[in-house]
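Some notes on the structure that comes next.
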Amino acid sequence: MDKAAPIVLAVDTNDLEIAKAWVSATDGVISVVKLGLEFYLNFGNDGIKAIADSASTEIFLDLKLHDIPHTVAGAARAVSYLRPKYLTVHASGGSAMVRAAVDAMPSTQITGVTVLTSLSEKDVDAIGFRSHALDSAVGLAKIAISGGARAIVCSPLEILAIREVIGDEVTIITPGVRPSDSPSGDDQARTMTPREAIDRGANLVVIGRPITQSFVNGAQAMRERAIEIAGHILN
């Protein structure tokens, strides 16, 4: 491929060697590798470094920190030497908490998570949000940006409204996307296709199983699947 697609590959596995194989298979096709809480608890900083050293892609460290500002600052400092491109914090922790992470990791784009894409409108109401998911996500995005966040995670359904209030300089990262030929039934409730999300203003889309499941047929099959999905986005 001439350029990497704006895809964040969700590396959701508890096998480090498989994770490295996935990253190697998609190197040069996808732009960013997302390593989440399960991966971090299994392999720690050494695992993150092993992935960072195995490919040319940027690292999205998806820990979704959420605690008092002092604790979040300490947690951010503990991973700062890894220099991830992105580190997630829950915007619902408040602007002071977001600012604590920003101050602790000035070279990383602290990324505010708004409303999880696994939550339906019914879930949002049950949790106690005063507004529906769209308005709640917009409000949380504003909190994150006021705390110094330089990126936002939101459902594709909230991209347009959030972009309108945060401007063009902030990166929007969108999970909850599914290629049109992928089966439904995963843990995402508010979804659309990757191309639709990019057309609405997302900078990056998070894709996991629609790509990684193809590894069962080998690394080359996974790479071809990644290239196929990338082509739908780029063309």
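Letters for chains follow the order of the structure tokens (A, B, ...), residue numbers begin at 1 for each chain, and ligand numbers begin at 1 in the order shown.
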
Counting only C-alpha atoms, which residues of stretch 3-80 of chain A fall within 10 Å of stretch 170-182 of chain A, and what is the closest atom pair for each with its distance in Å at one decimal, ordered by chain and rising number, as a tab-separated table?
residue	atom	partner	partner_atom	distance
A:Pro6	CA	A:Ile173	CA	9.6
A:Ile7	CA	A:Ile173	CA	9.4
A:Val8	CA	A:Ile173	CA	8.5
A:Ala10	CA	A:Pro175	CA	9.4

Exercise for review: Might you pull out every residue within 7 Å of stretch 100-114 of chain A, with only C-alpha atoms counted and same-chain residues fewer than 5 positions away left off, and present them as number ranges by chain?
Suggested key: A: 69, 72-73, 76-77, 80, 83-91, 137, 140-141, 144, 148-154

Go ahead and write the residues just picked, C-alpha atoms, as a JSON list (two decimals), in the first residue's frame.
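Output saved as result-v7.json:
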[["chain", "number", "residue", "atom", "x", "y", "z"],
["A", 69, "PRO", "CA", -6.16, 13.59, 39.72],
["A", 72, "VAL", "CA", -4.15, 9.45, 37.48],
["A", 73, "ALA", "CA", -1.02, 11.60, 37.30],
["A", 76, "ALA", "CA", 0.38, 8.33, 33.61],
["A", 77, "ARG", "CA", 3.94, 8.91, 34.79],
["A", 80, "SER", "CA", 5.26, 7.85, 30.20],
["A", 83, "ARG", "CA", 5.85, 7.28, 24.81],
["A", 84, "PRO", "CA", 2.54, 6.06, 23.42],
["A", 85, "LYS", "CA", 0.96, 8.29, 20.81],
["A", 86, "TYR", "CA", -2.36, 8.17, 22.69],
["A", 87, "LEU", "CA", -3.40, 7.36, 26.28],
["A", 88, "THR", "CA", -7.08, 7.18, 27.21],
["A", 89, "VAL", "CA", -8.72, 8.64, 30.28],
["A", 90, "HIS", "CA", -12.43, 8.77, 31.09],
["A", 91, "ALA", "CA", -13.67, 12.31, 30.49],
["A", 137, "ALA", "CA", -20.96, 12.57, 24.70],
["A", 140, "LEU", "CA", -17.91, 14.91, 28.06],
["A", 141, "ALA", "CA", -15.87, 15.90, 25.00],
["A", 144, "ALA", "CA", -11.90, 16.56, 28.14],
["A", 148, "GLY", "CA", -6.12, 19.73, 27.72],
["A", 149, "ALA", "CA", -6.99, 16.48, 25.91],
["A", 150, "ARG", "CA", -5.91, 16.49, 22.28],
["A", 151, "ALA", "CA", -8.02, 13.53, 21.16],
["A", 152, "ILE", "CA", -11.51, 12.21, 21.80],
["A", 153, "VAL", "CA", -13.04, 8.73, 21.63],
["A", 154, "CYS", "CA", -16.71, 8.66, 20.69]]

Env of A:Arg209: 9 Å cut, atoms = only C-alpha atoms, seq-sep filter 5 positions within chain, self excluded. Answer as a PDB file with C-alpha atoms, in the first residue's frame.
ATOM      1  CA  LEU A   9      -5.996  -2.213  15.123  1.00  0.00           C
ATOM      2  CA  ALA A  10      -7.504  -3.452  18.394  1.00  0.00           C
ATOM      3  CA  VAL A  11      -5.076  -6.098  19.637  1.00  0.00           C
ATOM      4  CA  ASP A  12      -7.342  -7.997  22.028  1.00  0.00           C
ATOM      5  CA  SER A 214      -8.792 -13.800   9.610  1.00  0.00           C
TER       6      SER A 214
END

**Study point:** Given only C-alpha atoms as the counted atoms, nearest of A:Ala202, A:Val23, A:Val32, A:Ile207 to A:Ile51
**Key:**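 Of A:Ala202, A:Val23, A:Val32, A:Ile207, the one nearest A:Ile51 is A:Val23, counting only C-alpha atoms.
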
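A straight line drawn from atom CA of A:Asp27 to atom CA of A:Glu228 is 14.2 Å long.
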
**Study point:** In chain A, DSSP alpha helix (DSSP H) residues written as number ranges by chain
**Key:** A: 16-26, 37-54, 69-79, 95-104, 121-127, 133-146, 159-166, 194-200, 209-212, 219-234

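Considering only C-alpha atoms, the residue among A:Gly74, A:Pro210, A:Gly201, A:Gly47 positioned nearest to A:Asp168 is A:Gly201.
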
What's around A:Ile48 at 10 Å? Count only C-alpha atoms, leave out sequence neighbours fewer than 3 positions away in its own chain, and write the answer as a tab-separated table (two decimals) with C-alpha atoms, in the first residue's frame.
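Result file follows (out34.tsv):
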chain	number	residue	atom	x	y	z
A	16	LEU	CA	1.92	-11.97	23.36
A	35	LEU	CA	-3.37	-2.13	23.43
A	36	GLY	CA	-6.02	-2.27	26.12
A	39	PHE	CA	-3.17	-6.73	27.38
A	40	TYR	CA	-1.54	-4.37	29.87
A	43	PHE	CA	2.14	-8.17	29.92
A	44	GLY	CA	2.75	-4.79	31.56
A	45	ASN	CA	5.19	-2.20	30.28
A	51	ILE	CA	4.82	-4.43	20.48
A	52	ALA	CA	6.25	-0.95	19.94
A	53	ASP	CA	9.57	-2.48	18.91
A	59	ILE	CA	0.81	2.88	20.03
A	60	PHE	CA	-2.64	3.66	21.43
A	61	LEU	CA	-2.54	2.74	25.12
A	79	VAL	CA	3.85	4.58	31.52
A	82	LEU	CA	6.82	4.12	26.72
A	84	PRO	CA	2.54	6.06	23.42

Check your understanding: By how many Å are atom CA of A:Asn203 and atom CA of A:Thr57 apart?
Key -> 15.6 Å

Review point. Can you tell me how far atom CA of A:Gly28 sits from atom CA of A:Ala4, in Å to one decimal?
Key: 5.4 Å

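In the backbone-derived DSSP annotation, strand (DSSP E) within stretch 82-115 of chain A comprises Tyr86, Leu87, Thr88, Val89, His90, Gln109, Ile110, Thr111, Gly112 and Val113 of chain A.
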
Could you turn the residues from that selection into a file that holds C-alpha atoms, as a PDB file, in the first residue's frame?
ATOM      1  CA  TYR A  86      -2.360   8.167  22.692  1.00  0.00           C
ATOM      2  CA  LEU A  87      -3.399   7.363  26.278  1.00  0.00           C
ATOM      3  CA  THR A  88      -7.084   7.180  27.206  1.00  0.00           C
ATOM      4  CA  VAL A  89      -8.724   8.635  30.284  1.00  0.00           C
ATOM      5  CA  HIS A  90     -12.430   8.774  31.093  1.00  0.00           C
ATOM      6  CA  GLN A 109      -2.022  12.899  23.168  1.00  0.00           C
ATOM      7  CA  ILE A 110      -4.223  12.365  26.213  1.00  0.00           C
ATOM      8  CA  THR A 111      -7.488  11.049  24.816  1.00  0.00           C
ATOM      9  CA  GLY A 112     -10.834  11.622  26.507  1.00  0.00           C
ATOM     10  CA  VAL A 113     -13.308   8.734  26.368  1.00  0.00           C
TER      11      VAL A 113
END
